[in-house]
>>> print(open('my_file-v3.cif').read())   # mmCIF, C-alpha atoms
data_work
#
loop_
_atom_site.group_PDB
_atom_site.id
_atom_site.type_symbol
_atom_site.label_atom_id
_atom_site.label_comp_id
_atom_site.auth_asym_id
_atom_site.auth_seq_id
_atom_site.Cartn_x
_atom_site.Cartn_y
_atom_site.Cartn_z
ATOM 1 C CA MET L 1 79.332 103.675 -199.997
ATOM 2 C CA TRP L 2 75.977 103.663 -198.222
ATOM 3 C CA PHE L 3 74.788 101.419 -195.379
ATOM 4 C CA GLN L 4 71.095 100.482 -195.252
ATOM 5 C CA ASP L 5 68.763 98.767 -192.798
ATOM 6 C CA GLU L 6 65.285 98.971 -191.311
ATOM 7 C CA ALA L 7 64.171 99.533 -187.730
ATOM 8 C CA ARG L 8 60.741 98.779 -186.318
ATOM 9 C CA VAL L 9 59.353 101.436 -183.978
ATOM 10 C CA GLY L 10 56.033 101.494 -182.198
ATOM 11 C CA HIS L 11 53.925 100.056 -179.470
ATOM 12 C CA GLN L 12 55.767 97.575 -177.268
ATOM 13 C CA GLY L 13 58.898 99.558 -178.048
ATOM 14 C CA THR L 14 62.332 99.692 -176.520
ATOM 15 C CA LEU L 15 62.959 100.268 -172.840
ATOM 16 C CA THR L 16 66.304 101.692 -171.805
ATOM 17 C CA ARG L 17 67.874 102.045 -168.399
ATOM 18 C CA LEU L 18 67.115 105.277 -166.628
ATOM 19 C CA TRP L 19 69.013 106.625 -163.651
ATOM 20 C CA ALA L 20 66.446 109.274 -162.795
ATOM 21 C CA ARG L 21 63.405 107.080 -162.193
ATOM 22 C CA PRO L 22 62.894 103.441 -161.266
ATOM 23 C CA SER L 23 60.379 102.497 -163.957
ATOM 24 C CA ALA L 24 59.520 103.322 -167.549
ATOM 25 C CA PRO L 25 56.225 103.069 -169.455
ATOM 26 C CA LYS L 26 55.370 99.899 -171.383
ATOM 27 C CA ASP L 27 52.700 99.791 -174.076
ATOM 28 C CA CYS L 28 50.823 96.544 -174.746
ATOM 29 C CA ARG L 29 49.157 97.558 -178.039
ATOM 30 C CA TYR L 30 50.242 96.404 -181.498
ATOM 31 C CA ALA L 31 51.105 99.066 -184.085
ATOM 32 C CA TRP L 32 54.442 99.736 -185.741
ATOM 33 C CA ALA L 33 56.148 101.765 -188.391
ATOM 34 C CA TYR L 34 59.433 100.942 -190.050
ATOM 35 C CA ILE L 35 62.243 103.422 -190.589
ATOM 36 C CA PHE L 36 64.040 102.486 -193.782
ATOM 37 C CA GLY L 37 67.328 104.304 -193.285
ATOM 38 C CA ALA L 38 70.610 104.592 -195.137
ATOM 39 C CA VAL L 39 73.713 106.617 -194.398
ATOM 40 C CA CYS L 40 76.788 107.630 -196.356
ATOM 41 C CA PRO L 41 79.572 108.190 -193.786
ATOM 42 C CA ALA L 42 81.905 109.815 -196.328
ATOM 43 C CA ARG L 43 79.356 112.538 -197.084
ATOM 44 C CA ALA L 44 77.854 112.507 -193.549
ATOM 45 C CA THR L 45 74.364 112.319 -194.964
ATOM 46 C CA GLY L 46 71.478 109.918 -195.122
ATOM 47 C CA ALA L 47 68.153 109.035 -196.669
ATOM 48 C CA ALA L 48 65.140 107.587 -194.923
ATOM 49 C CA LEU L 49 61.477 106.771 -195.356
ATOM 50 C CA VAL L 50 59.013 105.812 -192.641
ATOM 51 C CA MET L 51 56.790 103.047 -193.975
ATOM 52 C CA PRO L 52 53.883 100.996 -192.583
ATOM 53 C CA TYR L 53 55.376 97.676 -193.775
ATOM 54 C CA ALA L 54 58.768 96.153 -194.434
ATOM 55 C CA ASN L 55 58.393 94.607 -197.875
ATOM 56 C CA THR L 56 59.677 94.784 -201.447
ATOM 57 C CA ASP L 57 57.574 97.830 -202.376
ATOM 58 C CA ALA L 58 58.848 99.773 -199.359
ATOM 59 C CA MET L 59 62.428 98.754 -200.146
ATOM 60 C CA SER L 60 62.042 99.826 -203.785
ATOM 61 C CA ALA L 61 60.774 103.232 -202.646
ATOM 62 C CA HIS L 62 63.724 103.524 -200.265
ATOM 63 C CA LEU L 63 66.254 102.632 -202.959
ATOM 64 C CA ALA L 64 64.695 105.298 -205.191
ATOM 65 C CA GLU L 65 65.164 107.810 -202.348
ATOM 66 C CA ILE L 66 68.800 106.762 -201.932
ATOM 67 C CA GLY L 67 69.292 107.093 -205.700
ATOM 68 C CA ARG L 68 68.008 110.682 -205.528
ATOM 69 C CA ARG L 69 70.507 111.482 -202.734
ATOM 70 C CA VAL L 70 73.581 110.105 -204.522
ATOM 71 C CA SER L 71 75.886 112.857 -205.770
ATOM 72 C CA PRO L 72 75.311 113.718 -209.440
ATOM 73 C CA GLY L 73 77.446 111.517 -211.660
ATOM 74 C CA ALA L 74 78.308 109.163 -208.788
ATOM 75 C CA HIS L 75 77.324 105.531 -208.218
ATOM 76 C CA ALA L 76 76.331 104.211 -204.783
ATOM 77 C CA ILE L 77 77.217 100.839 -203.338
ATOM 78 C CA VAL L 78 74.486 100.086 -200.794
ATOM 79 C CA VAL L 79 75.549 97.579 -198.140
ATOM 80 C CA LEU L 80 72.603 95.692 -196.634
ATOM 81 C CA ASP L 81 71.657 92.516 -194.810
ATOM 82 C CA GLY L 82 69.935 89.443 -196.205
ATOM 83 C CA ALA L 83 66.285 90.313 -195.566
ATOM 84 C CA GLY L 84 63.987 88.751 -198.150
ATOM 85 C CA TRP L 85 62.800 92.072 -199.536
ATOM 86 C CA HIS L 86 66.425 93.084 -200.211
ATOM 87 C CA SER L 87 66.886 90.383 -202.831
ATOM 88 C CA SER L 88 63.401 89.967 -204.279
ATOM 89 C CA GLY L 89 63.165 89.603 -208.040
ATOM 90 C CA ASN L 90 60.547 92.397 -207.988
ATOM 91 C CA LEU L 91 62.913 94.897 -206.337
ATOM 92 C CA ALA L 92 63.370 98.101 -208.366
ATOM 93 C CA VAL L 93 67.031 99.161 -208.117
ATOM 94 C CA PRO L 94 67.924 102.582 -209.595
ATOM 95 C CA ALA L 95 70.634 102.701 -212.263
ATOM 96 C CA ASN L 96 73.005 104.636 -209.960
ATOM 97 C CA VAL L 97 72.774 102.059 -207.133
ATOM 98 C CA THR L 98 74.414 98.637 -206.690
ATOM 99 C CA LEU L 99 73.435 96.358 -203.799
ATOM 100 C CA LEU L 100 76.098 94.538 -201.772
ATOM 101 C CA ALA L 101 74.757 91.939 -199.334
ATOM 102 C CA LEU L 102 76.528 91.286 -196.051
ATOM 103 C CA PRO L 103 77.305 87.723 -195.002
ATOM 104 C CA PRO L 104 74.545 86.074 -192.934
ATOM 105 C CA TYR L 105 74.502 86.754 -189.190
ATOM 106 C CA SER L 106 76.889 89.711 -189.339
ATOM 107 C CA PRO L 107 74.971 92.815 -188.210
ATOM 108 C CA GLU L 108 78.149 94.161 -186.593
ATOM 109 C CA LEU L 109 79.452 94.878 -190.107
ATOM 110 C CA ASN L 110 76.624 97.329 -190.791
ATOM 111 C CA PRO L 111 77.299 100.699 -189.092
ATOM 112 C CA ILE L 112 73.664 101.750 -189.390
ATOM 113 C CA GLU L 113 72.933 99.337 -186.533
ATOM 114 C CA ASN L 114 74.717 101.930 -184.360
ATOM 115 C CA ILE L 115 72.379 104.602 -185.735
ATOM 116 C CA TRP L 116 69.374 102.576 -184.541
ATOM 117 C CA GLN L 117 70.996 102.207 -181.123
ATOM 118 C CA PHE L 118 71.607 105.970 -180.938
ATOM 119 C CA LEU L 119 68.059 106.831 -182.045
ATOM 120 C CA ARG L 120 66.504 104.391 -179.572
ATOM 121 C CA GLN L 121 68.603 105.657 -176.668
ATOM 122 C CA ASN L 122 68.062 109.339 -177.440
ATOM 123 C CA HIS L 123 64.715 109.673 -179.227
ATOM 124 C CA LEU L 124 62.605 106.522 -179.456
ATOM 125 C CA ALA L 125 62.787 104.574 -176.186
ATOM 126 C CA ASN L 126 60.610 104.759 -173.082
ATOM 127 C CA ARG L 127 57.577 106.130 -174.930
ATOM 128 C CA VAL L 128 53.915 105.336 -175.164
ATOM 129 C CA PHE L 129 52.581 106.475 -178.522
ATOM 130 C CA GLU L 130 49.049 107.850 -178.824
ATOM 131 C CA SER L 131 48.469 106.502 -182.341
ATOM 132 C CA TYR L 132 50.130 105.241 -185.486
ATOM 133 C CA ASP L 133 50.421 108.845 -186.689
ATOM 134 C CA SER L 134 52.350 109.758 -183.546
ATOM 135 C CA ILE L 135 54.737 106.836 -184.177
ATOM 136 C CA VAL L 136 55.398 108.163 -187.689
ATOM 137 C CA ALA L 137 55.839 111.744 -186.431
ATOM 138 C CA VAL L 138 58.361 110.699 -183.756
ATOM 139 C CA CYS L 139 60.298 108.540 -186.246
ATOM 140 C CA CYS L 140 60.507 111.453 -188.696
ATOM 141 C CA ALA L 141 61.549 113.882 -185.959
ATOM 142 C CA ALA L 142 64.228 111.481 -184.673
ATOM 143 C CA TRP L 143 65.715 110.909 -188.136
ATOM 144 C CA ASN L 144 65.615 114.622 -188.989
ATOM 145 C CA ALA L 145 67.345 115.490 -185.705
ATOM 146 C CA LEU L 146 70.094 112.979 -186.511
ATOM 147 C CA ILE L 147 70.613 114.166 -190.086
ATOM 148 C CA ALA L 148 70.733 117.779 -188.880
ATOM 149 C CA THR L 149 74.041 116.885 -187.173
ATOM 150 C CA PRO L 150 76.221 115.520 -189.992
ATOM 151 C CA GLU L 151 79.274 115.280 -187.736
ATOM 152 C CA ARG L 152 77.350 112.824 -185.543
ATOM 153 C CA VAL L 153 76.331 110.740 -188.568
ATOM 154 C CA ALA L 154 79.968 110.527 -189.664
ATOM 155 C CA SER L 155 81.190 109.802 -186.134
ATOM 156 C CA ILE L 156 78.731 106.964 -185.553
ATOM 157 C CA THR L 157 79.041 105.291 -188.950
ATOM 158 C CA SER L 158 82.625 105.790 -190.207
ATOM 159 C CA ARG L 159 84.721 102.629 -190.385
ATOM 160 C CA ASP L 160 88.354 102.365 -191.474
ATOM 161 C CA TRP L 161 87.651 99.146 -193.399
ATOM 162 C CA ALA L 162 84.842 100.801 -195.406
ATOM 163 C CA GLN L 163 86.886 103.515 -197.131
ATOM 164 C CA VAL L 164 86.309 103.745 -200.865
ATOM 165 C CA SER L 165 89.245 104.690 -203.043
ATOM 166 C CA VAL L 166 88.978 105.633 -206.698
#
>>> encode(input="my_file-v3.cif", output="structure tokens")
Amino acid sequence: MWFQDEARVGHQGTLTRLWARPSAPKDCRYAWAYIFGAVCPARATGAALVMPYANTDAMSAHLAEIGRRVSPGAHAIVVLDGAGWHSSGNLAVPANVTLLALPPYSPELNPIENIWQFLRQNHLANRVFESYDSIVAVCCAAWNALIATPERVASITSRDWAQVSV
């Protein structure tokens, strides 16, 4: 079972509370990148792409990446929200992936929301990015740092109700 979602990162980003200083930088420019991320808590792994847009083509590319990360001979159930590009008729879904949509207005059921919270608090918040390329570089570095600690991925995303039995 995999959990998928997207997070927008860029100018006018997230501010978090800081104990060490009274203020944090705020950027007023408009440029973003989207982290298309998915995690498999049982295997403590993930798959992500950083894309310039959140649309059907980006989602198809992300599903292909998830399909490449599924264990050989296995089939992935990818739990996702109801974004329009998740259910488009033009969406290319790999043969080893099945999509399972969450009920509307239920982000608390998707553990990857906690991944976004962790990444924002520890890697992405309180920044002013020089350029779009720096946004992409920081997103990649943040995701790679997370995936390099599989025990953290499992800890953040494991849910008792989401255990798969065969």
>>> closest_residue(input="my_file-v3.cif", among="L:His86, L:Arg127, L:Arg43, L:His62", to="Gly10 of chain L", atoms="all atoms listed in the file")
L:Arg127
>>> closest_residue(input="my_file-v3.cif", among="L:Ala61, L:Glu108, L:Val79, L:Pro72", to="Pro94 of chain L", atoms="only C-alpha atoms")
L:Ala61
>>> residues_around(input="my_file-v3.cif", residues="segment 131-136 of chain L", least_positions_apart="3", cutoff="9 Å", atoms="all atoms listed in the file", output="ChimeraX atom specification")
/L:9-11,31-35,50-52,139-141
>>> resolve_selection(input="my_file-v3.cif", expression="the PyMOL selection byres ((chain L and resi 88) around 10)", output="PyMOL selection string")
chain L and resi 55-57+59-60+83-87+89-92
>>> closest_residue(input="my_file-v3.cif", among="L:Ile147, L:Met1, L:Leu100, L:Ala142", to="Ala42 of chain L", atoms="only C-alpha atoms")
L:Met1
>>> atom_distance(input="my_file-v3.cif", atom1="atom CA of Ala154 of chain L", atom2="atom CA of Phe118 of chain L")
12.9 Å
>>> atom_distance(input="my_file-v3.cif", atom1="atom CA of Ala74 of chain L", atom2="atom CA of Asn96 of chain L")
7.1 Å
>>> atom_distance(input="my_file-v3.cif", atom1="atom CA of Ala48 of chain L", atom2="atom CA of Pro103 of chain L")
23.3 Å
>>> resolve_selection(input="my_file-v3.cif", expression="the PyMOL selection byres ((chain L and resi 114) around 12)", output="MDAnalysis selection string")
chainID L and resid 3:5 7 37:39 107:113 115:121 152:159
>>> resolve_selection(input="my_file-v3.cif", expression="the PyMOL selection byres ((chain L and resi 81) around 7)", output="list in words")
Leu80, Gly82, Ala83, Ala101 and Leu102 of chain L
>>> closest_residue(input="my_file-v3.cif", among="L:Ala76, L:Leu63, L:Val97, L:Ala47", to="Ala148 of chain L", atoms="all atoms listed in the file")
L:Ala47
>>> closest_residue(input="my_file-v3.cif", among="L:Asn122, L:Ser106, L:Gln163, L:Thr149", to="Ala44 of chain L", atoms="all atoms listed in the file")
L:Thr149
>>> closest_residue(input="my_file-v3.cif", among="L:Val128, L:Ala95, L:Tyr105, L:Val138", to="His75 of chain L", atoms="only C-alpha atoms")
L:Ala95
